[in-house]
$ cat start33.cif   # mmCIF, C-alpha atoms
data_model
loop_
_atom_site.label_atom_id
_atom_site.label_comp_id
_atom_site.auth_asym_id
_atom_site.auth_seq_id
_atom_site.Cartn_x
_atom_site.Cartn_y
_atom_site.Cartn_z
CA MET L 1 -48.81 33.13 81.83
CA ARG L 2 -48.93 32.01 78.21
CA LYS L 3 -46.81 34.09 75.87
CA GLU L 4 -47.39 34.06 72.13
CA LYS L 5 -44.81 34.39 69.41
CA SER L 6 -43.93 38.02 68.88
CA TRP L 7 -41.53 40.32 67.07
CA ILE L 8 -38.98 39.89 69.85
CA ASP L 9 -38.36 36.29 68.79
CA LYS L 10 -36.62 37.54 65.64
CA ALA L 11 -35.06 40.63 67.19
CA TYR L 12 -31.47 41.52 66.30
CA ILE L 13 -30.79 44.32 68.75
CA TYR L 14 -28.31 47.20 68.66
CA HIS L 15 -27.69 48.39 72.23
CA ILE L 16 -26.94 52.11 72.48
CA LEU L 17 -25.66 54.12 75.44
CA VAL L 18 -27.37 57.32 74.32
CA ASP L 19 -24.86 59.85 75.63
CA ARG L 20 -21.95 58.06 73.96
CA PHE L 21 -23.55 57.48 70.55
CA GLY L 22 -22.55 60.61 68.68
CA GLY L 23 -20.61 61.86 71.71
CA ASP L 24 -17.47 63.95 71.43
CA THR L 25 -14.64 61.63 70.35
CA ASP L 26 -12.05 64.44 70.47
CA GLN L 27 -12.31 64.96 74.23
CA PRO L 28 -11.04 62.58 76.92
CA ASN L 29 -13.74 60.24 78.13
CA GLY L 30 -15.07 61.12 81.55
CA ASN L 31 -17.81 60.70 84.12
CA ARG L 32 -19.84 63.46 82.48
CA PHE L 33 -22.15 64.05 79.56
CA MET L 34 -20.25 63.69 76.29
CA GLY L 35 -22.87 64.85 73.80
CA GLY L 36 -24.70 61.88 72.31
CA THR L 37 -28.28 62.69 71.31
CA LEU L 38 -31.52 61.17 70.12
CA ASN L 39 -31.25 63.16 66.91
CA TYR L 40 -27.85 61.64 66.19
CA ILE L 41 -29.30 58.16 66.63
CA ASN L 42 -32.14 59.15 64.32
CA SER L 43 -29.65 60.25 61.67
CA GLN L 44 -27.91 56.86 61.76
CA LEU L 45 -30.83 54.47 61.35
CA ASP L 46 -29.77 53.56 57.81
CA TYR L 47 -26.30 52.74 59.14
CA ILE L 48 -27.75 50.58 61.94
CA GLN L 49 -30.26 48.81 59.72
CA GLY L 50 -27.59 48.33 57.07
CA MET L 51 -25.70 46.07 59.48
CA GLY L 52 -28.77 43.86 59.77
CA PHE L 53 -30.25 45.15 63.04
CA ASN L 54 -34.02 45.36 63.33
CA THR L 55 -34.32 46.64 66.91
CA LEU L 56 -32.79 49.42 69.02
CA TRP L 57 -32.30 49.32 72.77
CA LEU L 58 -31.70 52.73 74.32
CA SER L 59 -30.18 53.27 77.75
CA PRO L 60 -32.41 55.33 80.10
CA ILE L 61 -33.57 58.58 78.51
CA CYS L 62 -35.24 60.18 81.55
CA GLU L 63 -33.80 63.32 83.17
CA SER L 64 -30.82 62.14 85.19
CA LYS L 65 -27.89 63.49 87.20
CA ASN L 66 -25.48 61.17 85.37
CA TYR L 67 -24.64 60.63 81.70
CA HIS L 68 -25.63 56.94 81.71
CA GLY L 69 -29.18 57.71 82.78
CA TYR L 70 -29.59 55.40 85.76
CA HIS L 71 -29.69 58.23 88.35
CA ILE L 72 -33.17 59.47 87.51
CA THR L 73 -34.39 62.86 88.75
CA ASP L 74 -37.57 63.09 86.64
CA TYR L 75 -39.25 59.97 85.32
CA PHE L 76 -41.57 61.80 82.94
CA SER L 77 -39.19 63.90 80.86
CA VAL L 78 -36.43 63.31 78.33
CA ASP L 79 -33.02 64.36 79.63
CA HIS L 80 -32.26 67.75 78.09
CA HIS L 81 -28.76 66.59 77.17
CA PHE L 82 -30.31 64.02 74.83
CA GLY L 83 -32.99 66.20 73.28
CA THR L 84 -36.70 66.81 73.67
CA MET L 85 -39.87 64.75 73.76
CA GLU L 86 -40.44 65.79 70.17
CA ASP L 87 -36.99 64.47 69.25
CA LEU L 88 -37.91 61.16 70.86
CA ARG L 89 -41.23 60.96 69.01
CA SER L 90 -39.41 61.66 65.75
CA LEU L 91 -36.91 58.88 66.46
CA ILE L 92 -39.59 56.35 67.37
CA GLU L 93 -41.62 57.23 64.28
CA ASN L 94 -38.57 56.90 62.04
CA VAL L 95 -37.63 53.56 63.63
CA HIS L 96 -41.10 52.24 62.91
CA ASN L 97 -41.04 53.64 59.37
CA HIS L 98 -37.86 51.60 58.86
CA GLY L 99 -39.80 48.48 59.87
CA MET L 100 -37.79 48.26 63.10
CA HIS L 101 -38.64 48.13 66.81
CA ILE L 102 -37.32 50.11 69.75
CA ILE L 103 -37.11 49.47 73.50
CA THR L 104 -35.67 51.51 76.36
CA ASP L 105 -34.50 51.04 79.92
CA TYR L 106 -37.02 51.23 82.73
CA VAL L 107 -35.57 51.83 86.21
CA PRO L 108 -38.20 50.97 88.87
CA ASN L 109 -35.99 49.99 91.81
CA HIS L 110 -34.34 53.29 92.70
CA CYS L 111 -33.95 56.95 91.82
CA ALA L 112 -31.25 59.57 92.34
CA ASN L 113 -30.77 61.02 95.81
CA THR L 114 -31.39 64.40 94.19
CA HIS L 115 -34.87 63.39 93.04
CA PRO L 116 -37.37 65.89 94.54
CA PHE L 117 -39.38 63.13 96.24
CA PHE L 118 -36.34 61.76 98.05
CA ARG L 119 -35.01 65.19 99.01
CA GLU L 120 -38.32 65.97 100.64
CA ALA L 121 -38.54 62.58 102.31
CA ILE L 122 -35.08 62.73 103.91
CA THR L 123 -35.59 66.23 105.31
CA ASP L 124 -39.23 65.92 106.41
CA LYS L 125 -40.30 62.82 108.30
CA GLN L 126 -43.93 63.86 107.85
CA SER L 127 -43.63 63.98 104.08
CA ARG L 128 -46.05 61.87 102.04
CA TYR L 129 -42.93 60.49 100.31
CA ARG L 130 -41.28 59.28 103.50
CA ASN L 131 -42.72 55.78 103.09
CA TRP L 132 -41.83 55.68 99.42
CA PHE L 133 -38.34 54.77 100.61
CA TYR L 134 -36.83 52.46 103.25
CA PHE L 135 -35.65 54.75 106.04
CA ARG L 136 -34.14 53.49 109.25
CA GLU L 137 -34.46 55.21 112.64
CA ASP L 138 -31.13 57.00 112.18
CA ASN L 139 -32.33 58.44 108.86
CA THR L 140 -30.09 56.16 106.79
CA TYR L 141 -31.86 54.20 104.08
CA LYS L 142 -31.74 51.17 101.85
CA CYS L 143 -30.21 51.76 98.45
CA PHE L 144 -29.12 49.97 95.32
CA MET L 145 -26.04 47.80 95.91
CA ASN L 146 -24.77 50.06 98.74
CA PHE L 147 -24.66 53.13 96.46
CA GLY L 148 -25.94 55.87 98.74
CA GLU L 149 -26.72 58.11 95.78
CA LEU L 150 -29.38 55.60 94.66
CA PRO L 151 -32.09 55.25 97.35
CA LYS L 152 -34.32 52.22 96.91
CA LEU L 153 -38.01 52.78 96.23
CA ASN L 154 -40.52 51.00 98.46
CA LEU L 155 -42.81 49.56 95.82
CA ASP L 156 -44.93 47.85 98.45
CA ASN L 157 -46.17 51.34 99.25
CA ARG L 158 -49.38 51.73 97.24
CA GLU L 159 -48.73 55.28 96.04
CA ALA L 160 -45.14 54.54 95.04
CA ARG L 161 -46.24 51.38 93.24
CA GLU L 162 -48.91 53.20 91.27
CA TYR L 163 -46.50 56.01 90.43
CA ILE L 164 -43.75 53.77 89.08
CA THR L 165 -46.34 51.79 87.10
CA LYS L 166 -47.58 55.01 85.51
CA VAL L 167 -43.98 55.67 84.47
CA ALA L 168 -43.96 52.43 82.49
CA GLU L 169 -47.33 53.28 80.95
CA PHE L 170 -46.11 56.74 79.97
CA TRP L 171 -43.14 55.47 77.98
CA CYS L 172 -45.14 52.67 76.38
CA ASP L 173 -47.70 55.28 75.33
CA ALA L 174 -44.83 57.30 73.85
CA GLY L 175 -44.36 54.48 71.35
CA PHE L 176 -41.69 52.17 72.73
CA ASP L 177 -42.27 48.53 71.80
CA GLY L 178 -41.06 47.22 75.12
CA LEU L 179 -38.96 47.85 78.20
CA ARG L 180 -35.68 46.44 79.44
CA ILE L 181 -36.16 46.38 83.23
CA ASP L 182 -33.09 47.46 85.15
CA HIS L 183 -32.24 45.45 88.30
CA ALA L 184 -35.47 43.46 88.12
CA ILE L 185 -34.50 41.52 91.25
CA GLY L 186 -34.95 44.68 93.34
CA PRO L 187 -38.77 44.95 93.39
CA SER L 188 -40.83 42.19 94.98
CA PHE L 189 -42.49 39.35 93.08
CA ASP L 190 -45.81 40.67 94.35
CA PHE L 191 -45.05 43.96 92.62
CA TRP L 192 -44.17 42.22 89.36
CA LYS L 193 -47.32 40.12 89.43
CA GLU L 194 -49.52 43.20 89.68
CA TRP L 195 -47.37 45.25 87.30
CA MET L 196 -47.38 42.60 84.57
CA THR L 197 -51.12 42.10 84.86
CA ILE L 198 -51.64 45.81 84.27
CA MET L 199 -49.06 46.16 81.52
CA LYS L 200 -50.03 43.06 79.51
CA LYS L 201 -53.70 44.04 79.58
CA ALA L 202 -52.92 47.53 78.31
CA TYR L 203 -50.03 46.62 75.97
CA PRO L 204 -50.39 42.99 74.84
CA GLY L 205 -47.94 43.40 71.96
CA LYS L 206 -45.13 44.92 73.98
CA VAL L 207 -42.39 42.94 75.73
CA PHE L 208 -40.92 43.33 79.19
CA ILE L 209 -37.46 41.85 79.70
CA GLY L 210 -35.68 41.79 83.06
CA GLU L 211 -32.06 42.31 83.97
CA VAL L 212 -31.70 39.41 86.40
CA TRP L 213 -28.04 39.18 87.40
CA CYS L 214 -26.39 37.78 90.51
CA ALA L 215 -22.96 39.43 90.09
CA GLY L 216 -21.84 41.24 93.23
CA LEU L 217 -24.76 40.02 95.34
CA THR L 218 -23.05 39.35 98.64
CA PRO L 219 -25.24 38.26 101.60
CA GLU L 220 -25.21 41.73 103.16
CA LEU L 221 -27.05 42.99 100.06
CA PHE L 222 -29.85 40.43 100.30
CA ASN L 223 -32.06 42.84 102.24
CA THR L 224 -32.09 45.18 99.24
CA ILE L 225 -33.42 42.59 96.77
CA HIS L 226 -36.24 40.07 96.55
CA LEU L 227 -35.41 36.41 96.00
CA LYS L 228 -37.35 33.20 95.90
CA HIS L 229 -36.00 30.70 98.44
CA LYS L 230 -33.87 33.43 99.97
CA TRP L 231 -32.75 31.30 102.91
CA GLU L 232 -31.43 28.61 100.60
CA LYS L 233 -29.64 31.17 98.43
CA LEU L 234 -28.17 32.84 101.49
CA HIS L 235 -26.53 29.64 102.64
CA ASN L 236 -25.75 27.93 99.33
CA GLY L 237 -25.04 30.92 97.13
CA ILE L 238 -26.91 32.17 94.09
CA SER L 239 -26.82 30.26 90.83
CA GLN L 240 -27.28 32.51 87.79
CA GLU L 241 -29.28 29.75 86.12
CA GLU L 242 -31.64 29.32 89.04
CA LEU L 243 -32.04 33.07 89.48
CA GLN L 244 -33.13 33.44 85.86
CA LYS L 245 -35.54 30.52 86.16
CA ASP L 246 -37.25 32.26 89.08
CA TYR L 247 -38.69 34.74 86.57
CA ILE L 248 -40.43 32.17 84.39
CA GLY L 249 -44.09 33.12 84.45
CA VAL L 250 -43.19 36.46 86.08
CA LEU L 251 -41.72 38.52 83.21
CA ASP L 252 -41.76 37.93 79.45
CA GLY L 253 -38.10 36.99 79.64
CA VAL L 254 -34.63 37.93 80.84
CA LEU L 255 -31.25 38.97 79.55
CA ASP L 256 -29.42 35.66 79.40
CA PHE L 257 -26.35 36.16 81.57
CA ARG L 258 -25.98 32.40 81.97
CA PHE L 259 -25.62 31.96 78.21
CA ARG L 260 -22.92 34.62 78.24
CA ASP L 261 -21.06 32.75 80.99
CA ILE L 262 -21.13 29.54 78.95
CA VAL L 263 -19.75 31.12 75.77
CA LEU L 264 -17.04 33.06 77.60
CA SER L 265 -15.93 29.94 79.47
CA HIS L 266 -14.99 28.37 76.14
CA ILE L 267 -13.21 31.52 75.05
CA TYR L 268 -11.22 31.50 78.31
CA LYS L 269 -10.16 27.92 77.57
CA GLY L 270 -8.59 29.11 74.33
CA GLU L 271 -11.07 27.19 72.19
CA ARG L 272 -12.41 28.17 68.79
CA LEU L 273 -16.17 28.44 68.68
CA THR L 274 -16.98 27.32 65.15
CA LYS L 275 -18.38 23.78 65.17
CA ASN L 276 -17.58 23.49 68.87
CA ASN L 277 -19.74 20.48 69.79
CA GLU L 278 -19.19 20.78 73.54
CA LEU L 279 -20.30 24.41 73.47
CA ILE L 280 -23.38 23.48 71.47
CA ARG L 281 -24.22 20.72 73.94
CA GLU L 282 -23.92 23.05 76.95
CA VAL L 283 -26.01 25.74 75.34
CA ARG L 284 -28.77 23.31 74.35
CA LYS L 285 -28.84 21.92 77.89
CA HIS L 286 -29.14 25.47 79.20
CA PHE L 287 -31.99 26.36 76.83
CA ASN L 288 -33.86 23.21 77.85
CA ASN L 289 -34.22 24.62 81.37
CA TYR L 290 -36.80 27.11 80.08
CA PRO L 291 -40.18 26.87 78.39
CA LYS L 292 -40.15 27.83 74.72
CA ASP L 293 -42.34 30.88 75.29
CA PHE L 294 -39.96 32.42 77.86
CA LYS L 295 -37.75 34.93 76.06
CA LEU L 296 -34.01 34.54 76.56
CA LEU L 297 -32.21 37.55 75.07
CA LEU L 298 -28.68 36.51 74.22
CA PHE L 299 -25.70 38.86 74.50
CA LEU L 300 -21.96 38.74 75.17
CA ASP L 301 -21.20 42.20 76.56
CA ASN L 302 -22.83 45.46 77.59
CA HIS L 303 -22.19 48.71 79.47
CA ASP L 304 -21.58 46.83 82.74
CA THR L 305 -19.09 44.25 81.46
CA ASP L 306 -15.78 44.05 79.66
CA ARG L 307 -16.17 44.22 75.91
CA LEU L 308 -16.26 41.01 73.94
CA LEU L 309 -13.04 41.84 72.09
CA TYR L 310 -11.29 42.21 75.47
CA HIS L 311 -12.32 38.65 76.37
CA CYS L 312 -11.04 37.57 72.95
CA LYS L 313 -7.68 39.26 73.67
CA GLY L 314 -8.04 41.40 70.58
CA ASP L 315 -8.63 38.44 68.27
CA THR L 316 -11.25 39.82 65.88
CA ARG L 317 -11.64 36.44 64.19
CA LEU L 318 -12.60 34.85 67.51
CA ARG L 319 -14.94 37.77 68.20
CA ASP L 320 -16.62 37.15 64.85
CA GLU L 321 -16.90 33.43 65.59
CA ALA L 322 -18.68 34.27 68.84
CA LEU L 323 -21.11 36.61 67.09
CA SER L 324 -21.78 34.10 64.32
CA PHE L 325 -22.45 31.37 66.87
CA CYS L 326 -24.97 33.55 68.70
CA ARG L 327 -26.72 34.51 65.48
CA SER L 328 -26.98 30.87 64.43
CA LEU L 329 -29.16 29.98 67.42
CA GLY L 330 -32.29 31.69 66.11
CA ARG L 331 -32.98 33.63 69.30
CA PRO L 332 -33.08 37.36 70.11
CA PHE L 333 -29.50 38.62 70.18
CA ILE L 334 -28.02 41.92 71.38
CA ILE L 335 -24.82 43.58 70.19
CA TYR L 336 -23.36 46.52 72.10
CA TYR L 337 -22.61 49.68 70.13
CA GLY L 338 -19.04 49.91 68.80
CA THR L 339 -18.59 46.18 68.35
CA GLU L 340 -18.59 46.79 64.60
CA ALA L 341 -15.72 49.29 65.10
CA ASP L 342 -13.55 46.86 67.09
CA MET L 343 -13.98 48.89 70.28
CA CYS L 344 -12.11 47.23 73.15
CA ASN L 345 -11.12 48.17 76.69
CA GLN L 346 -7.42 47.74 77.45
CA GLU L 347 -7.87 46.50 81.02
CA SER L 348 -10.78 44.99 82.87
CA ILE L 349 -13.43 47.34 84.21
CA PHE L 350 -13.38 45.18 87.35
CA SER L 351 -9.90 46.38 88.26
CA GLY L 352 -11.22 48.28 91.27
CA LYS L 353 -10.18 51.66 89.84
CA PRO L 354 -12.69 54.51 90.16
CA TYR L 355 -14.94 54.82 87.10
CA ALA L 356 -13.21 51.90 85.41
CA ASP L 357 -16.45 51.20 83.51
CA LEU L 358 -15.80 54.30 81.41
CA ALA L 359 -13.45 52.11 79.36
CA VAL L 360 -16.47 50.34 77.86
CA ARG L 361 -18.47 53.56 77.53
CA GLU L 362 -16.37 55.43 75.00
CA SER L 363 -17.89 58.03 72.69
CA PHE L 364 -18.66 56.75 69.23
CA GLN L 365 -19.27 58.48 65.93
CA VAL L 366 -20.03 56.64 62.74
CA GLY L 367 -17.20 56.83 60.23
CA ARG L 368 -14.59 58.14 62.66
CA PRO L 369 -11.59 56.16 64.00
CA GLN L 370 -12.40 54.48 67.28
CA MET L 371 -10.46 52.57 69.91
CA ARG L 372 -8.22 50.55 67.61
CA LYS L 373 -5.77 52.49 65.48
CA GLY L 374 -6.89 52.76 61.87
CA SER L 375 -10.33 51.31 62.54
CA THR L 376 -13.34 53.09 61.08
CA THR L 377 -17.00 52.25 61.27
CA LYS L 378 -18.67 50.85 58.20
CA ALA L 379 -22.24 49.73 57.65
CA ARG L 380 -21.48 46.03 57.29
CA LYS L 381 -23.45 43.02 58.32
CA ILE L 382 -22.53 41.80 61.79
CA GLU L 383 -22.90 38.03 61.51
#
$ encode --input "start33.cif" --output "structure tokens"
Amino acid sequence: MRKEKSWIDKAYIYHILVDRFGGDTDQPNGNRFMGGTLNYINSQLDYIQGMGFNTLWLSPICESKNYHGYHITDYFSVDHHFGTMEDLRSLIENVHNHGMHIITDYVPNHCANTHPFFREAITDKQSRYRNWFYFREDNTYKCFMNFGELPKLNLDNREAREYITKVAEFWCDAGFDGLRIDHAIGPSFDFWKEWMTIMKKAYPGKVFIGEVWCAGLTPELFNTIHLKHKWEKLHNGISQEELQKDYIGVLDGVLDFRFRDIVLSHIYKGERLTKNNELIREVRKHFNNYPKDFKLLLFLDNHDTDRLLYHCKGDTRLRDEALSFCRSLGRPFIIYYGTEADMCNQESIFSGKPYADLAVRESFQVGRPQMRKGSTTKARKIE
């Protein structure tokens, strides 16, 4: 699958968790909707572009039972907490008028257990939707990473496959320039082959980037994902590098978790990153594992990880060195919202505490003090 040069090659991406961008900063953060909206994002495009960004990545915008958007209950509507379809069209139009691009999350692997199709399927074994999911004889079912509230879709079922493909077409038709594919290792490679053939024929200028991440994938979860050389991975473990390489020729590219691991390993060693020859050598060796037309989207943190400043132990100079290093590589690079405001979790989100990830999903309003005392957001270049 030959991929031409495209806008994504020069993308500098601002990653927004929609509910938190413009959310209520006066109320304690919680596992609930906090008030961020599409209209607020629209009102801040000059701020975002003023920092040098030319692309937005929005978390899922579909109707969902949870603030983060990954528990989808209606794939074809904008969550009412975020706004309306008209609000979305206005945002996309304004983004394009600014000479920018915009992508959003696409969640094909699972839906919420409150989705109407699943509710019918679990209560009626004769339902047409029964085979859209993976039910066992005792009426339990496969799900995403053992989260029972997220039943896994059976995309080898023809109707389910066509439905979830139409979802992607719908949001591309709405004007998005591409999709970030959540948990891309969930659906089968056969699904992706057919899906990409359809999508690239209809939308040759759009890009489709997979989240391909091995974190937390213990052997008992292998039956909920699709892997190449599964037997070998089961016995020898999963290499993040090899997992990403499995998607060469499958998707346009992947979020580069391996690159993140390399950079953070040098931070953990207490090294500075400017003119760090060993770091440069490791990164070049990593990049050489991929063809030039396979898109590696670089990043150092997101909504599922500790913030970069946490890894830097609050050292903003080291944080800036890391960002400058990433920008110097001439590849697509993503920065998570709030980085410009020194937002930082105080303890790791992998502490085992319930909803610990809320610490990296704080509400954010431009110009208001954020996590660090006295810090305010300013439209400055993030280099």
$ closest_atom_pairs --input "start33.cif" --of "range 259-303 of chain L" --to "range 335-356 of chain L" --cutoff "8 Å" --atoms "all atoms listed in the file" --output "Markdown table"
| residue | atom | partner | partner_atom | distance |
| --- | --- | --- | --- | --- |
| L:Phe299 | CA | L:Ile335 | CA | 6.5 |
| L:Leu300 | CA | L:Ile335 | CA | 7.5 |
| L:Asp301 | CA | L:Tyr336 | CA | 6.6 |
| L:Asn302 | CA | L:Tyr336 | CA | 5.6 |
| L:His303 | CA | L:Tyr336 | CA | 7.8 |
$ resolve_selection --input "start33.cif" --expression "the PyMOL selection byres ((chain L and resi 169) around 12)" --output "PyMOL selection string"
chain L and resi 75-76+106+162-168+170-179+195-196+198-203+206+208
$ write_last_selection --input "start33.cif" --atoms "C-alpha atoms" --output "mmCIF file, in the frame of the given file"
data_model
loop_
_atom_site.group_PDB
_atom_site.id
_atom_site.type_symbol
_atom_site.label_atom_id
_atom_site.label_comp_id
_atom_site.auth_asym_id
_atom_site.auth_seq_id
_atom_site.Cartn_x
_atom_site.Cartn_y
_atom_site.Cartn_z
ATOM 1 C CA TYR L 75 -39.250 59.970 85.320
ATOM 2 C CA PHE L 76 -41.570 61.800 82.940
ATOM 3 C CA TYR L 106 -37.020 51.230 82.730
ATOM 4 C CA GLU L 162 -48.910 53.200 91.270
ATOM 5 C CA TYR L 163 -46.500 56.010 90.430
ATOM 6 C CA ILE L 164 -43.750 53.770 89.080
ATOM 7 C CA THR L 165 -46.340 51.790 87.100
ATOM 8 C CA LYS L 166 -47.580 55.010 85.510
ATOM 9 C CA VAL L 167 -43.980 55.670 84.470
ATOM 10 C CA ALA L 168 -43.960 52.430 82.490
ATOM 11 C CA PHE L 170 -46.110 56.740 79.970
ATOM 12 C CA TRP L 171 -43.140 55.470 77.980
ATOM 13 C CA CYS L 172 -45.140 52.670 76.380
ATOM 14 C CA ASP L 173 -47.700 55.280 75.330
ATOM 15 C CA ALA L 174 -44.830 57.300 73.850
ATOM 16 C CA GLY L 175 -44.360 54.480 71.350
ATOM 17 C CA PHE L 176 -41.690 52.170 72.730
ATOM 18 C CA ASP L 177 -42.270 48.530 71.800
ATOM 19 C CA GLY L 178 -41.060 47.220 75.120
ATOM 20 C CA LEU L 179 -38.960 47.850 78.200
ATOM 21 C CA TRP L 195 -47.370 45.250 87.300
ATOM 22 C CA MET L 196 -47.380 42.600 84.570
ATOM 23 C CA ILE L 198 -51.640 45.810 84.270
ATOM 24 C CA MET L 199 -49.060 46.160 81.520
ATOM 25 C CA LYS L 200 -50.030 43.060 79.510
ATOM 26 C CA LYS L 201 -53.700 44.040 79.580
ATOM 27 C CA ALA L 202 -52.920 47.530 78.310
ATOM 28 C CA TYR L 203 -50.030 46.620 75.970
ATOM 29 C CA LYS L 206 -45.130 44.920 73.980
ATOM 30 C CA PHE L 208 -40.920 43.330 79.190
#
$ residues_around --input "start33.cif" --residues "Gln365 in chain L" --least-positions-apart "2" --cutoff "12 Å" --atoms "all atoms listed in the file" --output "JSON, numbers by chain"
{"L": [16, 18, 19, 20, 21, 22, 23, 24, 25, 26, 34, 35, 36, 37, 40, 41, 43, 44, 47, 337, 338, 340, 341, 343, 362, 363, 367, 368, 369, 370, 371, 375, 376, 377, 378]}
$ atom_distance --input "start33.cif" --atom1 "CA of Arg361 in chain L" --atom2 "CA of Ser328 in chain L"
27.5 Å
$ atom_distance --input "start33.cif" --atom1 "CA of Leu88 in chain L" --atom2 "CA of Tyr12 in chain L"
21.2 Å
$ closest_residue --input "start33.cif" --among "L:Phe118, L:Phe257, L:Asp182, L:Gly148" --to "Ala160 in chain L" --atoms "all atoms listed in the file"
L:Phe118
